[in-house]
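Source file: upload31.pdb; contents: PDB, C-alpha atoms and all ligand atoms.
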```
ATOM      1  CA  MET S   1     103.467  93.540 136.114
ATOM      2  CA  THR S   2     107.246  93.679 136.232
ATOM      3  CA  ASP S   3     108.983  96.786 134.986
ATOM      4  CA  LYS S   4     112.587  97.591 134.220
ATOM      5  CA  ALA S   5     112.386 100.718 136.371
ATOM      6  CA  GLU S   6     111.261  99.607 139.816
ATOM      7  CA  THR S   7     109.167 102.533 140.953
ATOM      8  CA  LEU S   8     108.043 104.030 137.668
ATOM      9  CA  GLY S   9     105.319 102.583 135.483
ATOM     10  CA  THR S  10     105.664 101.622 131.822
ATOM     11  CA  LEU S  11     103.719 102.983 128.874
ATOM     12  CA  TYR S  12     102.923 100.026 126.595
ATOM     13  CA  ILE S  13     102.133 100.832 122.960
ATOM     14  CA  VAL S  14      99.796  97.986 122.086
ATOM     15  CA  ALA S  15      98.891  96.999 118.515
ATOM     16  CA  THR S  16      95.359  95.672 118.041
ATOM     17  CA  PRO S  17      93.819  93.827 115.042
ATOM     18  CA  ILE S  18      92.981  95.617 111.761
ATOM     19  CA  GLY S  19      89.936  93.406 111.179
ATOM     20  CA  ASN S  20      90.324  89.841 112.303
ATOM     21  CA  LEU S  21      90.183  89.699 116.106
ATOM     22  CA  ALA S  22      92.196  86.470 116.131
ATOM     23  CA  ASP S  23      95.222  88.562 115.160
ATOM     24  CA  ILE S  24      95.554  89.950 118.676
ATOM     25  CA  SER S  25      98.690  88.668 120.369
ATOM     26  CA  GLN S  26      98.885  86.860 123.701
ATOM     27  CA  ARG S  27     101.169  89.622 124.998
ATOM     28  CA  ALA S  28      98.639  92.272 123.989
ATOM     29  CA  LEU S  29      95.909  90.418 125.913
ATOM     30  CA  ASP S  30      98.175  90.023 128.960
ATOM     31  CA  VAL S  31      99.114  93.689 128.990
ATOM     32  CA  LEU S  32      95.561  94.925 128.371
ATOM     33  CA  SER S  33      94.306  92.761 131.271
ATOM     34  CA  LYS S  34      96.999  93.777 133.737
ATOM     35  CA  VAL S  35      97.751  97.472 133.204
ATOM     36  CA  ASP S  36      96.187 100.013 135.550
ATOM     37  CA  VAL S  37      94.496 101.911 132.731
ATOM     38  CA  ILE S  38      94.125 101.718 128.943
ATOM     39  CA  ALA S  39      94.377 104.989 127.014
ATOM     40  CA  CYS S  40      92.112 104.604 123.964
ATOM     41  CA  GLU S  41      91.592 106.600 120.788
ATOM     42  CA  ASP S  42      87.888 105.796 121.222
ATOM     43  CA  THR S  43      86.864 104.170 124.495
ATOM     44  CA  ARG S  44      83.584 102.776 123.089
ATOM     45  CA  HIS S  45      85.401 101.136 120.206
ATOM     46  CA  THR S  46      88.077  99.594 122.446
ATOM     47  CA  LYS S  47      85.520  98.402 124.996
ATOM     48  CA  LYS S  48      84.018  96.198 122.254
ATOM     49  CA  LEU S  49      87.451  94.668 121.638
ATOM     50  CA  LEU S  50      88.044  94.194 125.362
ATOM     51  CA  SER S  51      84.673  92.587 125.934
ATOM     52  CA  ALA S  52      85.347  90.132 123.064
ATOM     53  CA  PHE S  53      88.240  88.881 125.220
ATOM     54  CA  SER S  54      86.389  89.239 128.549
ATOM     55  CA  ILE S  55      88.721  92.004 129.705
ATOM     56  CA  SER S  56      87.172  94.602 131.947
ATOM     57  CA  ASN S  57      89.732  97.243 132.673
ATOM     58  CA  LYS S  58      89.723 100.988 133.225
ATOM     59  CA  THR S  59      89.939 103.158 130.107
ATOM     60  CA  LEU S  60      90.589 106.805 129.415
ATOM     61  CA  SER S  61      90.225 108.641 126.164
ATOM     62  CA  LEU S  62      93.286 109.924 124.343
ATOM     63  CA  HIS S  63      92.757 111.110 120.779
ATOM     64  CA  ASP S  64      94.118 113.680 118.341
ATOM     65  CA  HIS S  65      92.164 116.525 119.961
ATOM     66  CA  ASN S  66      93.053 115.966 123.626
ATOM     67  CA  GLU S  67      96.440 114.234 123.450
ATOM     68  CA  ARG S  68      98.430 117.337 124.448
ATOM     69  CA  GLN S  69      96.195 117.985 127.468
ATOM     70  CA  LYS S  70      96.230 114.340 128.567
ATOM     71  CA  GLN S  71      99.957 113.721 128.217
ATOM     72  CA  GLU S  72     100.826 115.340 131.560
ATOM     73  CA  TYR S  73      98.162 113.350 133.370
ATOM     74  CA  VAL S  74      99.285 110.080 131.786
ATOM     75  CA  ALA S  75     102.919 110.868 132.630
ATOM     76  CA  SER S  76     101.956 111.622 136.246
ATOM     77  CA  LEU S  77     100.301 108.203 136.518
ATOM     78  CA  LEU S  78     103.447 106.553 135.163
ATOM     79  CA  GLN S  79     105.522 108.512 137.674
ATOM     80  CA  GLU S  80     103.289 107.154 140.453
ATOM     81  CA  GLY S  81     104.216 103.655 139.276
ATOM     82  CA  LYS S  82     101.039 102.897 137.313
ATOM     83  CA  ASN S  83     101.345 100.899 134.092
ATOM     84  CA  ILE S  84      99.423 102.204 131.097
ATOM     85  CA  ALA S  85      98.565 100.768 127.673
ATOM     86  CA  LEU S  86      97.939 102.962 124.657
ATOM     87  CA  VAL S  87      95.720 101.566 121.891
ATOM     88  CA  SER S  88      94.174 103.073 118.784
ATOM     89  CA  ASP S  89      91.016 101.948 117.003
ATOM     90  CA  ALA S  90      92.949  99.468 114.879
ATOM     91  CA  GLY S  91      96.504  98.437 114.174
ATOM     92  CA  THR S  92      99.607 100.040 115.578
ATOM     93  CA  PRO S  93      99.183 103.296 117.527
ATOM     94  CA  LEU S  94     101.105 106.318 116.139
ATOM     95  CA  ILE S  95     100.971 104.935 112.569
ATOM     96  CA  SER S  96      98.518 107.503 111.149
ATOM     97  CA  ASP S  97      96.987 107.358 114.628
ATOM     98  CA  PRO S  98      97.354 109.304 117.910
ATOM     99  CA  GLY S  99     100.218 108.770 120.347
ATOM    100  CA  PHE S 100     103.237 110.606 118.933
ATOM    101  CA  HIS S 101     103.040 113.544 121.368
ATOM    102  CA  LEU S 102     102.485 111.269 124.350
ATOM    103  CA  VAL S 103     105.374 108.962 123.466
ATOM    104  CA  ARG S 104     107.738 111.853 122.871
ATOM    105  CA  TYR S 105     106.706 113.534 126.133
ATOM    106  CA  CYS S 106     107.154 110.337 128.161
ATOM    107  CA  ARG S 107     110.525 109.584 126.582
ATOM    108  CA  GLU S 108     111.700 113.131 127.285
ATOM    109  CA  LEU S 109     110.826 112.537 130.947
ATOM    110  CA  GLY S 110     112.887 109.359 130.888
ATOM    111  CA  LEU S 111     109.843 107.137 131.314
ATOM    112  CA  GLN S 112     109.832 103.593 129.973
ATOM    113  CA  VAL S 113     107.896 103.164 126.691
ATOM    114  CA  SER S 114     107.632  99.607 125.407
ATOM    115  CA  PRO S 115     106.057  98.243 122.191
ATOM    116  CA  ILE S 116     103.652  95.310 122.059
ATOM    117  CA  PRO S 117     103.873  94.685 118.302
ATOM    118  CA  GLY S 118     101.096  93.399 116.086
ATOM    119  CA  ALA S 119      98.999  94.302 113.065
ATOM    120  CA  CYS S 120      99.728  97.320 110.907
ATOM    121  CA  ALA S 121      97.786  97.803 107.657
ATOM    122  CA  ALA S 122     100.757  99.303 105.783
ATOM    123  CA  ILE S 123     103.112  96.443 106.641
ATOM    124  CA  SER S 124     100.444  93.778 106.070
ATOM    125  CA  ALA S 125      99.706  95.295 102.637
ATOM    126  CA  LEU S 126     103.385  95.435 101.697
ATOM    127  CA  SER S 127     103.840  91.824 102.735
ATOM    128  CA  VAL S 128     101.385  90.645 100.050
ATOM    129  CA  ALA S 129     101.763  93.269  97.310
ATOM    130  CA  GLY S 130     104.623  91.710  95.390
ATOM    131  CA  LEU S 131     106.331  95.103  95.088
ATOM    132  CA  PRO S 132     109.933  95.630  96.179
ATOM    133  CA  THR S 133     110.118  95.931  99.963
ATOM    134  CA  ASP S 134     113.868  96.272 100.485
ATOM    135  CA  ARG S 135     113.257 100.024 100.708
ATOM    136  CA  PHE S 136     109.871 101.719 100.856
ATOM    137  CA  SER S 137     108.329 105.024 101.772
ATOM    138  CA  PHE S 138     105.252 105.243 104.005
ATOM    139  CA  GLU S 139     103.330 108.346 102.926
ATOM    140  CA  GLY S 140     100.304 108.195 105.264
ATOM    141  CA  PHE S 141      96.937 109.500 104.048
ATOM    142  CA  LEU S 142      96.597 110.989 100.588
ATOM    143  CA  PRO S 143      94.779 114.352 100.593
ATOM    144  CA  SER S 144      91.056 114.032  99.816
ATOM    145  CA  LYS S 145      90.990 117.000  97.409
ATOM    146  CA  SER S 146      92.245 116.360  93.887
ATOM    147  CA  GLY S 147      94.453 119.481  93.668
ATOM    148  CA  ALA S 148      96.354 118.675  96.849
ATOM    149  CA  ARG S 149      96.510 114.992  95.915
ATOM    150  CA  LYS S 150      98.048 115.763  92.533
ATOM    151  CA  GLY S 151     100.561 117.991  94.329
ATOM    152  CA  VAL S 152     101.620 115.068  96.536
ATOM    153  CA  LEU S 153     101.780 112.741  93.528
ATOM    154  CA  SER S 154     103.982 115.172  91.545
ATOM    155  CA  SER S 155     106.286 115.511  94.525
ATOM    156  CA  ILE S 156     106.883 111.732  94.538
ATOM    157  CA  ALA S 157     107.042 111.280  90.753
ATOM    158  CA  HIS S 158     110.766 110.474  90.841
ATOM    159  CA  GLU S 159     110.719 108.395  94.022
ATOM    160  CA  THR S 160     112.266 105.032  93.179
ATOM    161  CA  ARG S 161     111.160 103.245  96.351
ATOM    162  CA  THR S 162     107.755 101.550  96.694
ATOM    163  CA  MET S 163     105.294 104.076  98.145
ATOM    164  CA  VAL S 164     102.552 103.153 100.607
ATOM    165  CA  PHE S 165      99.449 105.304 101.132
ATOM    166  CA  TYR S 166      96.320 105.076 103.228
ATOM    167  CA  ASP S 167      93.210 106.146 101.327
ATOM    168  CA  ALA S 168      89.456 105.597 101.375
ATOM    169  CA  PRO S 169      88.159 103.131  98.736
ATOM    170  CA  ARG S 170      85.231 105.482  98.010
ATOM    171  CA  ARG S 171      87.855 107.851  96.589
ATOM    172  CA  ALA S 172      89.776 105.107  94.759
ATOM    173  CA  ILE S 173      88.551 106.060  91.267
ATOM    174  CA  ASP S 174      89.431 109.740  91.806
ATOM    175  CA  THR S 175      92.806 108.835  93.266
ATOM    176  CA  VAL S 176      93.740 106.430  90.477
ATOM    177  CA  THR S 177      92.533 108.962  87.878
ATOM    178  CA  ASP S 178      95.009 111.446  89.389
ATOM    179  CA  ILE S 179      97.756 108.804  89.380
ATOM    180  CA  VAL S 180      97.166 108.187  85.658
ATOM    181  CA  GLU S 181      97.303 111.930  85.006
ATOM    182  CA  VAL S 182     100.392 112.687  87.095
ATOM    183  CA  LEU S 183     102.458 109.474  86.989
ATOM    184  CA  GLY S 184     101.103 107.943  83.770
ATOM    185  CA  GLY S 185      98.863 104.947  83.070
ATOM    186  CA  GLU S 186     101.793 102.530  82.939
ATOM    187  CA  ARG S 187     102.793 102.889  86.596
ATOM    188  CA  ASP S 188     102.119  99.674  88.554
ATOM    189  CA  ILE S 189      99.896  99.984  91.574
ATOM    190  CA  VAL S 190      98.476  97.579  94.135
ATOM    191  CA  ILE S 191      95.327  97.998  96.178
ATOM    192  CA  ALA S 192      95.024  95.924  99.367
ATOM    193  CA  ARG S 193      91.451  96.223 100.610
ATOM    194  CA  GLU S 194      89.718  94.850 103.698
ATOM    195  CA  LEU S 195      92.842  93.011 104.856
ATOM    196  CA  THR S 196      92.185  90.142 107.279
ATOM    197  CA  LYS S 197      88.412  90.568 106.771
ATOM    198  CA  THR S 198      85.809  88.578 104.804
ATOM    199  CA  PHE S 199      86.139  90.553 101.576
ATOM    200  CA  GLU S 200      89.912  90.819 101.589
ATOM    201  CA  THR S 201      91.079  91.721  98.055
ATOM    202  CA  ILE S 202      94.584  92.329  96.772
ATOM    203  CA  TYR S 203      94.695  93.569  93.202
ATOM    204  CA  SER S 204      97.669  94.689  91.152
ATOM    205  CA  ASP S 205      97.815  96.187  87.692
ATOM    206  CA  ASN S 206      99.023  99.283  85.940
ATOM    207  CA  ALA S 207      97.167 102.473  86.836
ATOM    208  CA  GLN S 208      95.101 102.618  83.627
ATOM    209  CA  ASN S 209      93.892  99.014  83.924
ATOM    210  CA  MET S 210      93.251  99.510  87.650
ATOM    211  CA  LEU S 211      90.954 102.408  86.778
ATOM    212  CA  ASP S 212      88.946 100.222  84.384
ATOM    213  CA  TRP S 213      88.714  97.445  86.987
ATOM    214  CA  LEU S 214      87.542  99.798  89.741
ATOM    215  CA  SER S 215      84.956 101.412  87.454
ATOM    216  CA  LYS S 216      83.399  98.013  86.675
ATOM    217  CA  ASP S 217      83.022  96.795  90.277
ATOM    218  CA  PRO S 218      81.394  99.103  92.867
ATOM    219  CA  ASN S 219      82.180  96.560  95.606
ATOM    220  CA  GLN S 220      85.822  97.590  95.322
ATOM    221  CA  LEU S 221      84.889 101.049  96.557
ATOM    222  CA  LYS S 222      83.864  99.847 100.032
ATOM    223  CA  GLY S 223      85.688  99.319 103.304
ATOM    224  CA  GLU S 224      89.325 100.220 103.963
ATOM    225  CA  MET S 225      92.334 100.118 101.726
ATOM    226  CA  VAL S 226      96.050 100.569 101.384
ATOM    227  CA  LEU S 227      97.282 101.839  98.029
ATOM    228  CA  MET S 228     100.820 101.099  96.934
ATOM    229  CA  ILE S 229     102.604 102.684  93.976
ATOM    230  CA  SER S 230     105.685 101.076  92.510
ATOM    231  CA  GLY S 231     108.774 103.262  92.472
ATOM    232  CA  ALA S 232     109.805 105.175  89.360
ATOM    233  CA  PRO S 233     112.221 103.174  87.198
ATOM    234  CA  LYS S 234     115.831 103.943  88.087
ATOM    235  CA  LYS S 235     117.373 105.889  85.222
ATOM    236  CA  ASP S 236     121.024 105.817  84.290
ATOM    237  CA  SER S 237     121.147 109.445  85.180
ATOM    238  CA  VAL S 238     124.109 111.729  84.920
ATOM    239  CA  ILE S 239     122.800 113.321  88.099
ATOM    240  CA  THR S 240     125.331 111.939  90.538
ATOM    241  CA  ALA S 241     125.305 112.262  94.325
ATOM    242  CA  GLU S 242     127.714 115.183  93.955
ATOM    243  CA  VAL S 243     125.341 117.011  91.576
ATOM    244  CA  GLU S 244     122.482 116.413  94.001
ATOM    245  CA  SER S 245     124.340 117.702  97.031
ATOM    246  CA  THR S 246     125.412 120.847  95.150
ATOM    247  CA  LEU S 247     121.833 121.344  93.975
ATOM    248  CA  LYS S 248     120.543 120.997  97.545
ATOM    249  CA  LEU S 249     123.043 123.612  98.771
ATOM    250  CA  LEU S 250     122.068 126.005  95.991
ATOM    251  CA  LEU S 251     118.354 125.469  96.705
ATOM    252  CA  LYS S 252     118.889 126.637 100.282
ATOM    253  CA  GLU S 253     120.038 130.041  99.005
ATOM    254  CA  LEU S 254     118.364 130.546  95.630
ATOM    255  CA  PRO S 255     114.962 130.172  93.953
ATOM    256  CA  PRO S 256     114.600 126.717  92.303
ATOM    257  CA  LYS S 257     114.949 127.911  88.685
ATOM    258  CA  LYS S 258     118.137 129.806  89.420
ATOM    259  CA  ALA S 259     119.607 126.994  91.531
ATOM    260  CA  CYS S 260     118.866 124.396  88.829
ATOM    261  CA  GLY S 261     120.278 126.676  86.104
ATOM    262  CA  ILE S 262     123.581 127.121  87.945
ATOM    263  CA  ALA S 263     123.911 123.406  88.800
ATOM    264  CA  ALA S 264     123.064 122.485  85.174
ATOM    265  CA  GLU S 265     125.798 124.788  83.931
ATOM    266  CA  ILE S 266     128.450 123.592  86.389
ATOM    267  CA  TYR S 267     127.833 119.899  85.711
ATOM    268  CA  GLN S 268     126.570 120.165  82.111
ATOM    269  CA  VAL S 269     123.361 118.265  82.895
ATOM    270  CA  ASN S 270     119.772 118.785  81.811
ATOM    271  CA  LYS S 271     118.179 121.724  83.653
ATOM    272  CA  LYS S 272     114.641 120.291  83.393
ATOM    273  CA  GLU S 273     115.786 116.999  84.949
ATOM    274  CA  LEU S 274     117.294 118.957  87.834
ATOM    275  CA  TYR S 275     114.143 121.028  88.206
ATOM    276  CA  ASP S 276     111.956 117.874  88.351
ATOM    277  CA  LEU S 277     114.339 116.484  90.951
ATOM    278  CA  SER S 278     114.126 119.667  93.027
ATOM    279  CA  LEU S 279     110.315 119.292  93.157
ATOM    280  CA  SER S 280     110.734 115.899  94.813
ATOM    281  CA  TYR S 281     112.609 117.532  97.729
ATOM    282  CA  LYS S 282     109.526 119.506  98.811
TER     283      LYS S 282
HETATM  284  N1  LIG P 301      97.288 102.494 112.911
HETATM  285  C1  LIG P 301      96.688 101.759 111.824
HETATM  286  C2  LIG P 301      97.696 100.746 111.301
HETATM  287  O1  LIG P 301      98.593 100.350 112.033
HETATM  288  O2  LIG P 301      97.559 100.302 110.173
HETATM  289  C3  LIG P 301      96.210 102.684 110.742
HETATM  290  C4  LIG P 301      95.179 103.661 111.198
HETATM  291  S1  LIG P 301      94.621 104.716 109.946
HETATM  292  C5  LIG P 301      93.618 105.826 110.878
HETATM  293  C6  LIG P 301      93.374 103.758 109.166
HETATM  294  C7  LIG P 301      93.732 103.413 107.715
HETATM  295  O3  LIG P 301      94.516 102.222 107.691
HETATM  296  C8  LIG P 301      92.530 103.097 106.850
HETATM  297  O4  LIG P 301      91.929 104.277 106.326
HETATM  298  C9  LIG P 301      93.132 102.242 105.766
HETATM  299  O5  LIG P 301      93.797 103.042 104.801
HETATM  300  C10 LIG P 301      94.164 101.453 106.572
HETATM  301  N2  LIG P 301      93.566 100.198 107.051
HETATM  302  C11 LIG P 301      93.201  99.906 108.324
HETATM  303  N3  LIG P 301      92.701  98.653 108.386
HETATM  304  C12 LIG P 301      92.752  98.153 107.139
HETATM  305  C13 LIG P 301      92.387  96.909 106.550
HETATM  306  N4  LIG P 301      91.850  95.945 107.276
HETATM  307  N5  LIG P 301      92.605  96.741 105.229
HETATM  308  C14 LIG P 301      93.142  97.711 104.475
HETATM  309  N6  LIG P 301      93.504  98.910 104.974
HETATM  310  C15 LIG P 301      93.315  99.133 106.275
END
```

As structure tokens, the full file:
Amino acid sequence: MTDKAETLGTLYIVATPIGNLADISQRALDVLSKVDVIACEDTRHTKKLLSAFSISNKTLSLHDHNERQKQEYVASLLQEGKNIALVSDAGTPLISDPGFHLVRYCRELGLQVSPIPGACAAISALSVAGLPTDRFSFEGFLPSKSGARKGVLSSIAHETRTMVFYDAPRRAIDTVTDIVEVLGGERDIVIARELTKTFETIYSDNAQNMLDWLSKDPNQLKGEMVLMISGAPKKDSVITAEVESTLKLLLKELPPKKACGIAAEIYQVNKKELYDLSLSYK
């Protein structure tokens, strides 16, 4: 393979399909066939993908629990001029998947890291949700325990951008119940389940109706899903950028109640509104 740096190898970050194998790109196949070794989140899983495309190449395992130990070894191979591909079980590595430590380490050493783009569940889900995509916030996995989940939901209650979460469909009823409780039943949500697979389903409704729909159809609680929550409506708030920046400065020095009280007095705005806003900074 040809590299920009002549003697050093390149680390290729290769996206793989999130369900439908036909979504693999020609570049991904070329790179996976030609690199010296493929670092895999799960070698057995990736070997099935490789064999579907008649690729027999060397693999090594690189997952959340050994990434720090393996990064030096991988970097040493790149320094010897070997080319390496990093793949995860599905979709784009590093997106709620291993690879961040390795990529950072290699970039710090000045090694070439190059993306081979392809499927990503979050982006695929956004592309079909019909929610605003001009700005969005990727929030990764929602906590599995209700208390922690409600904490995350309260912290994003005032977020006006579309929010994208990964979650397990078997928890969908619990999650949507918490959304109704924390954000209200009127908030629009979209569930994108089993994308690119046989039972692909994209369903949008407000949170209360979504709960009823999920409760009536156990099939919706299977497989994999992306959950998207529409942003909070933008209010004509008197909380200007100046109020916010003062509040942020005060919050660095003072407990939230005190900081919000002082900012409310200076700018003659509602203290509760400021307090709710301060929770979204956490
Ligand atoms: N790196 C992957 C990516 O680029 O999308 C994500 C890996 S993360 C460990 C796996 C989560 O992605 C699943 O729990 C689910 O929330 C989401 N996901 C993956 N494949 C999906 C699919 N086909 N349909 C819906 N969601 C999917």

Item checked: Point (103.5, 112.7, 119.6), cut-off 12 Å, counting only C-alpha atoms, residues as an MDAnalysis selection string -> chainID S and resid 62:71 93:108

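The space between CA of Ala125 (chain S) and CA of Gly91 (chain S) spans 12.4 Å.
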
Next item on the list: Please extract the residues at most 6 Å from ligand LIG 301 (chain P), counting all atoms listed in the file, and provide them as a list in words, using the chain letters and residue numbers of this document.
Entry: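 Written in the requested form, the residues are Ile18, Gly19, Ala90, Gly91, Thr92, Pro93, Ile95, Ser96, Asp97, Cys120, Ala121, Ala122, Tyr166, Asp167, Ala168, Ala192, Arg193, Glu194, Leu195, Thr196, Glu224, Met225 and Val226 of chain S.
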
Notebook entry, point to check: Of the candidates S:Gln26, S:Thr177, S:Ser230, S:Gln208, which shows the shortest atom-to-atom distance to Arg135 (chain S), using all atoms listed in the file?
Noted result: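 Ranking S:Gln26, S:Thr177, S:Ser230, S:Gln208 by distance to Arg135 (chain S), first place goes to S:Ser230.
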
Note to self: Since I can't run it myself right now, could you work out what the PyMOL selection byres (((chain S and resi 79) around 12) and not hetatm) selects here and report it as a VMD selection string?
What the structure shows: chain S and resid 5 to 11 72 to 78 80 to 84 106 109 to 112

Check: So which residues get picked by the PyMOL selection byres (((chain S and resi 133) around 12) and not hetatm) here, written as a ChimeraX atom specification?
Finding: /S:122-132,134-138,160-164,228-231

Residues just named, written with C-alpha atoms as a short mmCIF file (atom, residue, chain, number, x, y, z; two decimals), keeping the file's coordinate frame:
```
data_model
loop_
_atom_site.label_atom_id
_atom_site.label_comp_id
_atom_site.auth_asym_id
_atom_site.auth_seq_id
_atom_site.Cartn_x
_atom_site.Cartn_y
_atom_site.Cartn_z
CA ALA S 122 100.76 99.30 105.78
CA ILE S 123 103.11 96.44 106.64
CA SER S 124 100.44 93.78 106.07
CA ALA S 125 99.71 95.30 102.64
CA LEU S 126 103.38 95.44 101.70
CA SER S 127 103.84 91.82 102.74
CA VAL S 128 101.38 90.64 100.05
CA ALA S 129 101.76 93.27 97.31
CA GLY S 130 104.62 91.71 95.39
CA LEU S 131 106.33 95.10 95.09
CA PRO S 132 109.93 95.63 96.18
CA ASP S 134 113.87 96.27 100.48
CA ARG S 135 113.26 100.02 100.71
CA PHE S 136 109.87 101.72 100.86
CA SER S 137 108.33 105.02 101.77
CA PHE S 138 105.25 105.24 104.00
CA THR S 160 112.27 105.03 93.18
CA ARG S 161 111.16 103.24 96.35
CA THR S 162 107.76 101.55 96.69
CA MET S 163 105.29 104.08 98.14
CA VAL S 164 102.55 103.15 100.61
CA MET S 228 100.82 101.10 96.93
CA ILE S 229 102.60 102.68 93.98
CA SER S 230 105.68 101.08 92.51
CA GLY S 231 108.77 103.26 92.47
#
```

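Coordinates place CA of Ile202 (chain S) at a distance of 26.8 Å from CA of Val87 (chain S).
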
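One distance worth recording is that between CA of Ala39 (chain S) and CA of Ser88 (chain S), which is 8.5 Å.
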
Where's the centre, and what are the edge lengths in Å to one decimal, of a box along x, y and z enclosing all listed atoms of region 15-34 of chain S padded 5 Å per side, as AutoDock Vina command-line options?
```
--center_x 95.6 --center_y 91.7 --center_z 122.5 --size_x 21.2 --size_y 20.5 --size_z 32.6
```

Saving region 45-51 of chain S with all heavy atoms, as a compact mmCIF listing (two decimals), in the first residue's frame, what would that file be?
```txt
# COMPACT_ATOMS: atom_id res chain seq x y z
N HIS S 45 -15.59 -12.22 15.79
CA HIS S 45 -16.65 -11.49 15.10
C HIS S 45 -16.14 -10.98 13.73
O HIS S 45 -16.79 -11.15 12.70
CB HIS S 45 -17.08 -10.32 15.99
CG HIS S 45 -18.26 -9.57 15.49
ND1 HIS S 45 -19.54 -9.82 15.93
CD2 HIS S 45 -18.37 -8.59 14.57
CE1 HIS S 45 -20.38 -9.02 15.30
NE2 HIS S 45 -19.70 -8.26 14.47
N THR S 46 -14.96 -10.36 13.75
CA THR S 46 -14.43 -9.79 12.50
C THR S 46 -14.05 -10.87 11.50
O THR S 46 -14.19 -10.68 10.29
CB THR S 46 -13.24 -8.86 12.81
OG1 THR S 46 -13.72 -7.81 13.64
CG2 THR S 46 -12.63 -8.26 11.56
N LYS S 47 -13.60 -12.03 12.02
CA LYS S 47 -13.23 -13.10 11.07
C LYS S 47 -14.45 -13.54 10.25
O LYS S 47 -14.32 -13.89 9.08
CB LYS S 47 -12.61 -14.28 11.82
CG LYS S 47 -11.11 -14.06 12.03
CD LYS S 47 -10.45 -15.16 12.79
CE LYS S 47 -8.99 -14.78 13.04
NZ LYS S 47 -8.39 -15.57 14.12
N LYS S 48 -15.64 -13.48 10.86
CA LYS S 48 -16.86 -13.83 10.10
C LYS S 48 -17.07 -12.82 8.96
O LYS S 48 -17.41 -13.19 7.85
CB LYS S 48 -18.08 -13.82 11.03
CG LYS S 48 -18.14 -15.01 11.93
CD LYS S 48 -19.45 -15.01 12.72
CE LYS S 48 -19.24 -15.82 13.98
NZ LYS S 48 -20.09 -15.42 15.07
N LEU S 49 -16.85 -11.55 9.28
CA LEU S 49 -17.00 -10.51 8.24
C LEU S 49 -15.97 -10.73 7.14
O LEU S 49 -16.28 -10.71 5.94
CB LEU S 49 -16.81 -9.12 8.87
CG LEU S 49 -16.79 -7.95 7.90
CD1 LEU S 49 -18.22 -7.59 7.48
CD2 LEU S 49 -16.12 -6.72 8.52
N LEU S 50 -14.71 -10.98 7.56
CA LEU S 50 -13.65 -11.16 6.57
C LEU S 50 -13.92 -12.37 5.69
O LEU S 50 -13.74 -12.32 4.47
CB LEU S 50 -12.29 -11.32 7.28
CG LEU S 50 -11.81 -10.11 8.10
CD1 LEU S 50 -10.50 -10.43 8.80
CD2 LEU S 50 -11.64 -8.87 7.21
N SER S 51 -14.39 -13.46 6.31
CA SER S 51 -14.59 -14.65 5.49
C SER S 51 -15.75 -14.45 4.51
O SER S 51 -15.75 -15.02 3.42
CB SER S 51 -14.75 -15.90 6.36
OG SER S 51 -16.05 -15.99 6.81
```
